[in-house]
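Source file: start.cif; contents: mmCIF, C-alpha atoms.
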data_upload
loop_
_atom_site.group_PDB
_atom_site.id
_atom_site.type_symbol
_atom_site.label_atom_id
_atom_site.label_comp_id
_atom_site.auth_asym_id
_atom_site.auth_seq_id
_atom_site.Cartn_x
_atom_site.Cartn_y
_atom_site.Cartn_z
ATOM 1 C CA MET A 260 2.228 -28.675 -9.377
ATOM 2 C CA GLN A 261 2.403 -27.844 -5.673
ATOM 3 C CA ASP A 262 6.195 -28.310 -5.710
ATOM 4 C CA LEU A 263 6.520 -25.995 -8.728
ATOM 5 C CA ILE A 264 4.480 -23.301 -6.980
ATOM 6 C CA SER A 265 6.684 -23.642 -3.884
ATOM 7 C CA SER A 266 9.830 -23.290 -6.022
ATOM 8 C CA PHE A 267 8.357 -20.217 -7.701
ATOM 9 C CA ILE A 268 7.460 -18.579 -4.372
ATOM 10 C CA HIS A 269 10.978 -19.305 -3.089
ATOM 11 C CA TYR A 270 12.380 -17.678 -6.240
ATOM 12 C CA LEU A 271 10.227 -14.568 -5.725
ATOM 13 C CA ALA A 272 11.255 -14.230 -2.097
ATOM 14 C CA VAL A 273 14.966 -15.032 -2.361
ATOM 15 C CA GLU A 274 16.043 -13.968 -5.849
ATOM 16 C CA LYS A 275 13.539 -11.208 -6.594
ATOM 17 C CA GLY A 276 13.357 -9.961 -3.010
ATOM 18 C CA LEU A 277 9.578 -9.501 -2.999
ATOM 19 C CA ALA A 278 7.811 -8.751 0.269
ATOM 20 C CA ARG A 279 6.055 -11.525 2.185
ATOM 21 C CA ASN A 280 2.613 -10.001 1.538
ATOM 22 C CA THR A 281 3.279 -10.074 -2.222
ATOM 23 C CA THR A 282 4.547 -13.656 -2.276
ATOM 24 C CA SER A 283 1.617 -14.775 -0.098
ATOM 25 C CA SER A 284 -0.789 -13.212 -2.581
ATOM 26 C CA TYR A 285 0.902 -15.027 -5.491
ATOM 27 C CA GLN A 286 0.794 -18.303 -3.588
ATOM 28 C CA LEU A 287 -2.898 -17.935 -2.774
ATOM 29 C CA ASP A 288 -3.844 -17.149 -6.390
ATOM 30 C CA LEU A 289 -1.742 -19.972 -7.836
ATOM 31 C CA ASN A 290 -3.113 -22.497 -5.350
ATOM 32 C CA GLN A 291 -6.643 -21.541 -6.417
ATOM 33 C CA TYR A 292 -5.579 -22.151 -10.026
ATOM 34 C CA ARG A 293 -4.066 -25.538 -9.060
ATOM 35 C CA VAL A 294 -7.282 -26.603 -7.282
ATOM 36 C CA PHE A 295 -9.347 -25.509 -10.299
ATOM 37 C CA CYS A 296 -7.181 -27.502 -12.725
ATOM 38 C CA HIS A 297 -7.418 -30.577 -10.507
ATOM 39 C CA SER A 298 -11.221 -30.279 -10.252
ATOM 40 C CA GLN A 299 -11.549 -29.959 -14.044
ATOM 41 C CA GLN A 300 -8.919 -32.641 -14.767
ATOM 42 C CA LEU A 301 -6.815 -30.128 -16.687
ATOM 43 C CA ASP A 302 -3.048 -30.411 -17.027
ATOM 44 C CA PRO A 303 -1.623 -26.926 -16.305
ATOM 45 C CA LEU A 304 1.667 -27.889 -17.958
ATOM 46 C CA GLY A 305 0.614 -29.976 -20.936
ATOM 47 C CA GLU A 306 -2.476 -27.954 -21.866
ATOM 48 C CA GLY A 307 -1.529 -24.665 -20.251
ATOM 49 C CA ARG A 308 -3.282 -22.298 -22.662
ATOM 50 C CA GLY A 309 -6.597 -24.126 -22.379
ATOM 51 C CA ALA A 310 -6.280 -24.381 -18.590
ATOM 52 C CA VAL A 311 -5.538 -20.662 -18.225
ATOM 53 C CA MET A 312 -8.409 -19.632 -20.519
ATOM 54 C CA ALA A 313 -10.832 -21.925 -18.693
ATOM 55 C CA TYR A 314 -9.741 -20.539 -15.343
ATOM 56 C CA LEU A 315 -10.112 -16.902 -16.431
ATOM 57 C CA LEU A 316 -13.558 -17.701 -17.846
ATOM 58 C CA LYS A 317 -14.522 -19.291 -14.512
ATOM 59 C CA LEU A 318 -13.423 -16.165 -12.623
ATOM 60 C CA LYS A 319 -15.529 -13.971 -14.924
ATOM 61 C CA LYS A 320 -18.576 -16.264 -14.625
ATOM 62 C CA ASP A 321 -18.207 -16.095 -10.840
ATOM 63 C CA GLY A 322 -18.604 -12.337 -11.108
ATOM 64 C CA ARG A 323 -15.041 -11.495 -10.088
ATOM 65 C CA ALA A 324 -14.097 -7.843 -10.627
ATOM 66 C CA PRO A 325 -11.790 -7.004 -13.573
ATOM 67 C CA ALA A 326 -9.086 -6.004 -11.081
ATOM 68 C CA THR A 327 -9.264 -9.465 -9.472
ATOM 69 C CA VAL A 328 -9.106 -11.250 -12.836
ATOM 70 C CA SER A 329 -6.181 -9.045 -13.820
ATOM 71 C CA ARG A 330 -4.349 -9.907 -10.604
ATOM 72 C CA HIS A 331 -4.826 -13.645 -11.136
ATOM 73 C CA LEU A 332 -3.597 -13.367 -14.726
ATOM 74 C CA ALA A 333 -0.520 -11.435 -13.578
ATOM 75 C CA ALA A 334 0.290 -14.253 -11.140
ATOM 76 C CA LEU A 335 -0.121 -16.869 -13.881
ATOM 77 C CA LYS A 336 2.042 -14.895 -16.306
ATOM 78 C CA SER A 337 4.851 -14.630 -13.765
ATOM 79 C CA PHE A 338 4.552 -18.312 -12.872
ATOM 80 C CA TYR A 339 4.657 -19.566 -16.457
ATOM 81 C CA ARG A 340 7.562 -17.244 -17.327
ATOM 82 C CA PHE A 341 9.426 -18.803 -14.414
ATOM 83 C CA LEU A 342 8.674 -22.318 -15.722
ATOM 84 C CA VAL A 343 10.026 -21.378 -19.168
ATOM 85 C CA GLN A 344 13.096 -19.809 -17.597
ATOM 86 C CA GLU A 345 13.759 -22.987 -15.621
ATOM 87 C CA GLY A 346 13.330 -25.193 -18.706
ATOM 88 C CA ILE A 347 10.301 -27.002 -17.250
ATOM 89 C CA ILE A 348 8.113 -25.992 -20.219
ATOM 90 C CA PHE A 349 9.158 -24.596 -23.604
ATOM 91 C CA ASN A 350 6.261 -22.295 -24.490
ATOM 92 C CA ASP A 351 4.556 -19.713 -22.314
ATOM 93 C CA PRO A 352 0.778 -20.353 -22.521
ATOM 94 C CA THR A 353 0.039 -16.840 -21.214
ATOM 95 C CA ALA A 354 1.987 -15.078 -23.980
ATOM 96 C CA ASN A 355 -0.102 -12.368 -25.699
ATOM 97 C CA LEU A 356 -2.927 -12.709 -23.174
ATOM 98 C CA GLU A 357 -4.120 -9.232 -22.232
ATOM 99 C CA SER A 358 -5.484 -8.214 -18.860
ATOM 100 C CA PRO A 359 -9.043 -6.852 -18.748
ATOM 101 C CA ARG A 360 -9.278 -3.085 -18.968
ATOM 102 C CA LEU A 361 -9.576 -1.464 -15.597
ATOM 103 C CA ALA A 362 -11.469 1.708 -14.909
ATOM 104 C CA GLN A 363 -9.053 4.172 -13.403
ATOM 105 C CA ARG A 364 -10.134 4.830 -9.853
ATOM 106 C CA LEU A 365 -8.803 7.927 -8.189
ATOM 107 C CA PRO A 366 -7.397 7.301 -4.715
ATOM 108 C CA ARG A 367 -9.337 8.519 -1.692
ATOM 109 C CA VAL A 368 -7.744 11.471 0.067
ATOM 110 C CA LEU A 369 -8.453 13.717 3.030
ATOM 111 C CA THR A 370 -8.539 17.484 2.872
ATOM 112 C CA THR A 371 -5.912 19.309 4.916
ATOM 113 C CA GLU A 372 -8.665 20.222 7.375
ATOM 114 C CA GLU A 373 -9.629 16.553 7.772
ATOM 115 C CA VAL A 374 -5.989 15.583 8.281
ATOM 116 C CA ASP A 375 -5.668 18.251 10.984
ATOM 117 C CA ARG A 376 -8.808 16.909 12.662
ATOM 118 C CA LEU A 377 -7.569 13.308 12.536
ATOM 119 C CA LEU A 378 -4.128 14.182 13.887
ATOM 120 C CA ALA A 379 -5.645 16.216 16.720
ATOM 121 C CA GLN A 380 -7.529 13.232 18.205
ATOM 122 C CA PRO A 381 -4.886 11.312 20.228
ATOM 123 C CA ARG A 382 -4.569 12.422 23.862
ATOM 124 C CA THR A 383 -0.858 12.872 24.383
ATOM 125 C CA SER A 384 -1.186 12.731 28.167
ATOM 126 C CA SER A 385 -1.161 8.903 28.001
ATOM 127 C CA ALA A 386 1.623 6.653 26.710
ATOM 128 C CA THR A 387 -0.566 5.051 24.031
ATOM 129 C CA GLY A 388 -2.006 8.418 23.003
ATOM 130 C CA LEU A 389 1.467 9.924 22.563
ATOM 131 C CA ARG A 390 2.537 6.855 20.579
ATOM 132 C CA ASP A 391 -0.525 7.177 18.343
ATOM 133 C CA LYS A 392 0.103 10.889 17.820
ATOM 134 C CA ALA A 393 3.728 10.188 16.849
ATOM 135 C CA MET A 394 2.676 7.440 14.413
ATOM 136 C CA LEU A 395 -0.017 9.491 12.692
ATOM 137 C CA GLU A 396 2.241 12.549 12.378
ATOM 138 C CA LEU A 397 5.058 10.373 11.032
ATOM 139 C CA LEU A 398 2.786 8.622 8.532
ATOM 140 C CA TYR A 399 1.413 11.880 7.124
ATOM 141 C CA ALA A 400 4.856 13.539 7.147
ATOM 142 C CA THR A 401 6.535 10.764 5.151
ATOM 143 C CA GLY A 402 3.881 8.975 3.092
ATOM 144 C CA LEU A 403 5.081 5.594 4.366
ATOM 145 C CA ARG A 404 3.097 2.448 3.700
ATOM 146 C CA VAL A 405 1.649 0.985 6.904
ATOM 147 C CA SER A 406 3.917 -2.067 6.541
ATOM 148 C CA GLU A 407 6.914 0.272 6.355
ATOM 149 C CA LEU A 408 5.733 2.238 9.383
ATOM 150 C CA VAL A 409 5.376 -0.756 11.703
ATOM 151 C CA SER A 410 8.672 -2.234 10.416
ATOM 152 C CA LEU A 411 10.672 0.819 11.514
ATOM 153 C CA ASP A 412 13.370 0.214 14.091
ATOM 154 C CA LEU A 413 14.888 2.761 16.449
ATOM 155 C CA ALA A 414 17.979 2.917 14.247
ATOM 156 C CA ASP A 415 15.882 3.919 11.215
ATOM 157 C CA VAL A 416 14.933 7.339 12.605
ATOM 158 C CA ASN A 417 17.498 10.127 12.757
ATOM 159 C CA LEU A 418 15.882 12.994 14.637
ATOM 160 C CA GLU A 419 19.052 15.086 14.752
ATOM 161 C CA HIS A 420 19.297 15.298 10.968
ATOM 162 C CA GLY A 421 15.568 14.897 10.339
ATOM 163 C CA PHE A 422 15.125 11.797 8.203
ATOM 164 C CA VAL A 423 13.651 8.305 8.236
ATOM 165 C CA ARG A 424 15.130 5.274 6.517
ATOM 166 C CA CYS A 425 12.754 2.572 5.345
ATOM 167 C CA PHE A 426 12.806 -0.535 3.186
ATOM 168 C CA GLY A 427 9.944 -0.654 0.712
ATOM 169 C CA LYS A 428 8.829 -3.139 -1.901
ATOM 170 C CA GLY A 429 11.609 -5.408 -3.053
ATOM 171 C CA SER A 430 13.586 -4.373 0.056
ATOM 172 C CA LYS A 431 14.594 -1.137 -1.668
ATOM 173 C CA GLU A 432 15.981 1.391 0.763
ATOM 174 C CA ARG A 433 14.884 5.012 0.671
ATOM 175 C CA ILE A 434 15.596 8.045 2.826
ATOM 176 C CA ILE A 435 12.680 10.386 3.532
ATOM 177 C CA PRO A 436 12.895 13.845 5.139
ATOM 178 C CA LEU A 437 11.073 14.242 8.420
ATOM 179 C CA GLY A 438 9.184 17.462 9.187
ATOM 180 C CA SER A 439 9.685 19.313 12.482
ATOM 181 C CA VAL A 440 6.199 18.508 13.845
ATOM 182 C CA ALA A 441 6.572 14.759 13.278
ATOM 183 C CA ALA A 442 10.147 14.848 14.612
ATOM 184 C CA PHE A 443 8.938 16.600 17.789
ATOM 185 C CA TYR A 444 6.236 14.024 18.552
ATOM 186 C CA VAL A 445 8.498 11.052 17.767
ATOM 187 C CA SER A 446 11.063 12.581 20.134
ATOM 188 C CA GLU A 447 8.399 13.050 22.823
ATOM 189 C CA TYR A 448 7.208 9.469 22.360
ATOM 190 C CA LEU A 449 10.757 8.137 22.754
ATOM 191 C CA ALA A 450 11.401 10.250 25.837
ATOM 192 C CA ARG A 451 8.101 9.815 27.658
ATOM 193 C CA ALA A 452 6.046 6.888 26.346
ATOM 194 C CA ARG A 453 8.040 4.077 24.780
ATOM 195 C CA VAL A 454 9.777 3.031 27.999
ATOM 196 C CA LYS A 455 6.374 2.691 29.699
ATOM 197 C CA LEU A 456 5.078 0.468 26.917
ATOM 198 C CA THR A 457 8.170 -1.762 26.674
ATOM 199 C CA ARG A 458 8.335 -2.117 30.497
ATOM 200 C CA GLY A 459 12.053 -2.623 30.386
ATOM 201 C CA THR A 460 11.997 -5.325 27.689
ATOM 202 C CA SER A 461 14.479 -5.000 24.845
ATOM 203 C CA THR A 462 13.174 -4.640 21.283
ATOM 204 C CA PRO A 463 14.530 -2.778 18.245
ATOM 205 C CA ALA A 464 10.987 -1.835 17.146
ATOM 206 C CA LEU A 465 10.240 1.879 17.084
ATOM 207 C CA PHE A 466 6.511 1.545 17.732
ATOM 208 C CA VAL A 467 5.315 -1.038 20.230
ATOM 209 C CA ASN A 468 1.973 -2.187 21.604
ATOM 210 C CA GLN A 469 0.899 -2.336 25.236
ATOM 211 C CA GLN A 470 2.626 -5.705 25.644
ATOM 212 C CA GLY A 471 5.938 -4.181 24.550
ATOM 213 C CA SER A 472 5.996 -6.045 21.213
ATOM 214 C CA ARG A 473 6.202 -4.536 17.738
ATOM 215 C CA LEU A 474 2.894 -3.004 16.717
ATOM 216 C CA THR A 475 1.209 -4.895 13.864
ATOM 217 C CA ARG A 476 -0.481 -3.602 10.726
ATOM 218 C CA GLN A 477 -3.836 -4.790 12.057
ATOM 219 C CA GLY A 478 -3.200 -2.954 15.317
ATOM 220 C CA PHE A 479 -2.525 0.289 13.498
ATOM 221 C CA TRP A 480 -5.642 -0.141 11.325
ATOM 222 C CA LYS A 481 -7.755 -0.255 14.480
ATOM 223 C CA ILE A 482 -6.009 2.834 15.840
ATOM 224 C CA ILE A 483 -6.550 5.000 12.755
ATOM 225 C CA LYS A 484 -10.192 3.923 12.413
ATOM 226 C CA LYS A 485 -10.824 4.799 16.051
ATOM 227 C CA TYR A 486 -9.491 8.325 15.613
ATOM 228 C CA ALA A 487 -11.401 8.791 12.341
ATOM 229 C CA ARG A 488 -14.613 8.001 14.227
ATOM 230 C CA GLN A 489 -13.654 10.357 17.045
ATOM 231 C CA GLY A 490 -12.913 13.117 14.547
ATOM 232 C CA ARG A 491 -16.230 12.497 12.778
ATOM 233 C CA ILE A 492 -14.556 12.085 9.417
ATOM 234 C CA ASN A 493 -17.237 10.652 7.149
ATOM 235 C CA LYS A 494 -14.912 8.916 4.727
ATOM 236 C CA VAL A 495 -13.501 5.416 4.526
ATOM 237 C CA ILE A 496 -10.193 5.788 6.353
ATOM 238 C CA THR A 497 -7.264 3.422 5.923
ATOM 239 C CA PRO A 498 -3.546 3.975 6.537
ATOM 240 C CA HIS A 499 -3.127 4.235 2.749
ATOM 241 C CA VAL A 500 -5.498 7.215 2.659
ATOM 242 C CA LEU A 501 -2.881 9.208 4.604
ATOM 243 C CA ARG A 502 -0.249 8.125 2.052
ATOM 244 C CA HIS A 503 -2.522 9.312 -0.782
ATOM 245 C CA SER A 504 -3.175 12.560 1.082
ATOM 246 C CA PHE A 505 0.570 13.097 1.598
ATOM 247 C CA ALA A 506 1.239 12.803 -2.149
ATOM 248 C CA THR A 507 -1.757 14.871 -3.210
ATOM 249 C CA HIS A 508 -1.054 17.726 -0.792
ATOM 250 C CA LEU A 509 2.585 17.870 -1.925
ATOM 251 C CA LEU A 510 1.543 18.205 -5.575
ATOM 252 C CA GLU A 511 -1.153 20.749 -4.747
ATOM 253 C CA ASN A 512 1.496 22.872 -3.069
ATOM 254 C CA GLY A 513 3.946 22.790 -5.971
ATOM 255 C CA ALA A 514 6.081 19.658 -5.512
ATOM 256 C CA ASP A 515 7.321 18.131 -8.766
ATOM 257 C CA LEU A 516 6.228 14.648 -9.803
ATOM 258 C CA ARG A 517 9.727 13.116 -9.755
ATOM 259 C CA SER A 518 10.301 14.176 -6.147
ATOM 260 C CA VAL A 519 6.953 12.722 -5.067
ATOM 261 C CA GLN A 520 7.783 9.493 -6.921
ATOM 262 C CA GLU A 521 11.048 9.232 -5.006
ATOM 263 C CA LEU A 522 9.419 9.964 -1.648
ATOM 264 C CA LEU A 523 6.738 7.328 -2.229
ATOM 265 C CA GLY A 524 9.220 4.751 -3.492
ATOM 266 C CA HIS A 525 7.386 4.119 -6.778
ATOM 267 C CA ALA A 526 9.484 2.214 -9.321
ATOM 268 C CA ASP A 527 7.457 3.645 -12.222
ATOM 269 C CA ILE A 528 6.449 7.297 -12.457
ATOM 270 C CA ALA A 529 3.197 6.200 -14.128
ATOM 271 C CA THR A 530 2.095 4.967 -10.693
ATOM 272 C CA THR A 531 2.670 8.441 -9.255
ATOM 273 C CA GLN A 532 0.851 10.189 -12.111
ATOM 274 C CA ILE A 533 -2.529 9.085 -10.721
ATOM 275 C CA TYR A 534 -2.145 11.911 -8.191
ATOM 276 C CA THR A 535 -1.908 14.513 -10.953
ATOM 277 C CA HIS A 536 -5.355 13.382 -12.153
ATOM 278 C CA LEU A 537 -6.594 13.806 -8.611
ATOM 279 C CA THR A 538 -5.213 17.339 -8.259
ATOM 280 C CA ARG A 539 -6.678 18.330 -11.642
ATOM 281 C CA THR A 540 -10.081 16.992 -10.575
ATOM 282 C CA ARG A 541 -9.863 18.921 -7.316
ATOM 283 C CA LEU A 542 -8.847 22.121 -9.124
ATOM 284 C CA ARG A 543 -11.865 21.751 -11.406
ATOM 285 C CA GLU A 544 -14.170 21.319 -8.408
ATOM 286 C CA ILE A 545 -12.693 24.385 -6.722
ATOM 287 C CA TYR A 546 -13.027 26.419 -9.917
ATOM 288 C CA ASP A 547 -16.654 25.382 -10.470
ATOM 289 C CA ARG A 548 -17.484 26.157 -6.857
ATOM 290 C CA THR A 549 -15.727 29.511 -6.561
ATOM 291 C CA HIS A 550 -15.559 31.261 -9.929
ATOM 292 C CA PRO A 551 -18.522 33.666 -10.271
ATOM 293 C CA ARG A 552 -19.169 32.750 -13.915
ATOM 294 C CA ALA A 553 -18.330 29.037 -13.833
ATOM 295 C CA GLN A 554 -21.915 27.870 -13.332
ATOM 296 C CA VAL A 555 -23.935 30.792 -14.754
ATOM 297 C CA ASP A 556 -26.806 29.638 -16.979
ATOM 298 C CA ARG A 557 -26.704 31.199 -20.446
#

Whole structure, structure tokens version:
Amino acid sequence: MQDLISSFIHYLAVEKGLARNTTSSYQLDLNQYRVFCHSQQLDPLGEGRGAVMAYLLKLKKDGRAPATVSRHLAALKSFYRFLVQEGIIFNDPTANLESPRLAQRLPRVLTTEEVDRLLAQPRTSSATGLRDKAMLELLYATGLRVSELVSLDLADVNLEHGFVRCFGKGSKERIIPLGSVAAFYVSEYLARARVKLTRGTSTPALFVNQQGSRLTRQGFWKIIKKYARQGRINKVITPHVLRHSFATHLLENGADLRSVQELLGHADIATTQIYTHLTRTRLREIYDRTHPRAQVDR
């Protein structure tokens, strides 16, 4: 089965164009399924339905969250569809299997005041501080994923015309407008800081670490957490929180859903609609807190 999983991962990467993080996640989940089948002496091809059901039951008994079970089932569904497509098996054992219902969790966002506080933390007098300021401003201005941010090359930013080009999930290209504040700090970083960090070495990467190499996702996570602590923001802060805040603040200020979908690079507008629930919840909170007769006891 290991060879079949390898062929499937190759298919996802080469033919479907999925990102490395996505294919790695599929590979990890399917390898866990393979190990389980081997330990239980189950044939994942010959008795696929029974093997899948036993595996899902094991995940539930282990106390795995519905979202985790759903993710594993999605990986199995894709894998078995691939096997049918390739003529390796004739019937899909995951057909008609439904994922467990997931409670809809609203994304965490920062208020505009908290965003201002976070973005005010880097000290732009140092090369790393100016780089950090440029990154945070760019992230909030564009709603990029952290993987998209650290993958940016110099050629992907057009400061003259004010846009950023990035390649999102499935290597889909999108062009995102760049606000004047973010454009200013990126320009300052390029003029004053980047050359100090690269120390004359040649790299296409826009944002680099102190060794002159491309900054990693893990490196940026540490940076944003540091500034959240400095700004005394008492919320769990991740790079994705700025992406959620970007989308939410756009909708709160009148942007239409289709435009936000395009800016975020969502393939399905249903993914973007979660932010409308968030803005409605926030409006309700504001109304209850500010209207003089919202909370009057009768």

Next item on the list: For the structure provided, state which residues fall under the PyMOL selection byres ((chain A and resi 266) around 12), and present them as number ranges by chain.
Entry: A: 260-265, 267-274, 282, 286, 338, 341-342, 345, 347

Since we have the selection now, will you write its residues out, keeping C-alpha atoms, as a compact mmCIF listing (two decimals), keeping the file's coordinate frame?
# COMPACT_ATOMS: atom_id res chain seq x y z
CA MET A 260 2.23 -28.68 -9.38
CA GLN A 261 2.40 -27.84 -5.67
CA ASP A 262 6.20 -28.31 -5.71
CA LEU A 263 6.52 -26.00 -8.73
CA ILE A 264 4.48 -23.30 -6.98
CA SER A 265 6.68 -23.64 -3.88
CA PHE A 267 8.36 -20.22 -7.70
CA ILE A 268 7.46 -18.58 -4.37
CA HIS A 269 10.98 -19.30 -3.09
CA TYR A 270 12.38 -17.68 -6.24
CA LEU A 271 10.23 -14.57 -5.72
CA ALA A 272 11.26 -14.23 -2.10
CA VAL A 273 14.97 -15.03 -2.36
CA GLU A 274 16.04 -13.97 -5.85
CA THR A 282 4.55 -13.66 -2.28
CA GLN A 286 0.79 -18.30 -3.59
CA PHE A 338 4.55 -18.31 -12.87
CA PHE A 341 9.43 -18.80 -14.41
CA LEU A 342 8.67 -22.32 -15.72
CA GLU A 345 13.76 -22.99 -15.62
CA ILE A 347 10.30 -27.00 -17.25

#### Entry: Expansion of the PyMOL selection byres ((chain A and resi 332) around 9) into residues, as a list in words
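Residues picked by the PyMOL selection byres ((chain A and resi 332) around 9): Val311, Leu315, Thr327, Val328, Ser329, Arg330, His331, Ala333, Ala334, Leu335, Lys336, Ser337, Thr353, Leu356, Glu357 and Ser358 of chain A.
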
Exercise. For Leu397 in chain A, which residue out of A:Ile434, A:Leu277, A:Leu378, A:Leu522 is the nearest one, using only C-alpha atoms?
Worked result: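 Result for the nearest residue to Leu397 in chain A: A:Leu378.
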
Nearest to Asp415 in chain A, chosen from A:Leu465, A:Ala278, A:Ala450, A:Ala379, with all atoms listed in the file counted in the distances:
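Of all the options, A:Leu465 lies closest to Asp415 in chain A.
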
Quiz item: How far is it from CA of Arg517 in chain A to CA of Glu432 in chain A, in Å with one decimal?
Solution: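 CA of Arg517 in chain A sits 16.9 Å away from CA of Glu432 in chain A.
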
Query raised in the report: Quick one: residues within 7 Å of Arg433 in chain A, all atoms listed in the file counted, chain neighbours fewer than 6 positions away excluded, as a list in words?
Result: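 After dropping sequence-adjacent residues, the list is Arg424, Cys425 and Phe426 of chain A.
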
Mind writing the picked residues with C-alpha atoms as a PDB file, in the coordinates of the input?
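Saved file result.pdb follows:
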ATOM      1  CA  ARG A 424      15.130   5.274   6.517  1.00  0.00           C
ATOM      2  CA  CYS A 425      12.754   2.572   5.345  1.00  0.00           C
ATOM      3  CA  PHE A 426      12.806  -0.535   3.186  1.00  0.00           C
TER       4      PHE A 426
END

Between CA of Ala506 in chain A and CA of Leu449 in chain A - distance in Å to one decimal: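 Between these atoms lies a distance of 27.1 Å.
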
- Selection: 7 Å around Arg502 in chain A, only C-alpha atoms, excl. self and same-chain fewer than 6 positions, as a ChimeraX atom specification: /A:399,402-404

Could the residues in this selection be saved with C-alpha atoms as a compact mmCIF listing (two decimals), in the frame of the given file?
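Writing done, so here's selection.txt:
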# COMPACT_ATOMS: atom_id res chain seq x y z
CA TYR A 399 1.41 11.88 7.12
CA GLY A 402 3.88 8.98 3.09
CA LEU A 403 5.08 5.59 4.37
CA ARG A 404 3.10 2.45 3.70

Exercise. Hey, what's within 9 Å of Val467 in chain A if we count all atoms listed in the file and toss same-chain stuff fewer than 2 positions away? As a list of chain:residue names, please?
Worked result: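 Surrounding residues, per the criterion: A:Arg390, A:Val409, A:Arg453, A:Leu456, A:Thr457, A:Thr462, A:Ala464, A:Leu465, A:Gln469, A:Gln470, A:Gly471, A:Ser472, A:Arg473, A:Leu474, A:Thr475.
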
Picked residues, the PyMOL selection byres ((chain A and resi 386) around 12), as number ranges by chain
A: 381-385, 387-393, 444, 447-458, 466-469, 471

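Within 8 Å of Thr497 in chain A, once only C-alpha atoms are used and residues closer than 4 positions along the same chain are dropped, the contacting residues are A:Trp480, A:Ile483, A:Lys484, A:Leu501.
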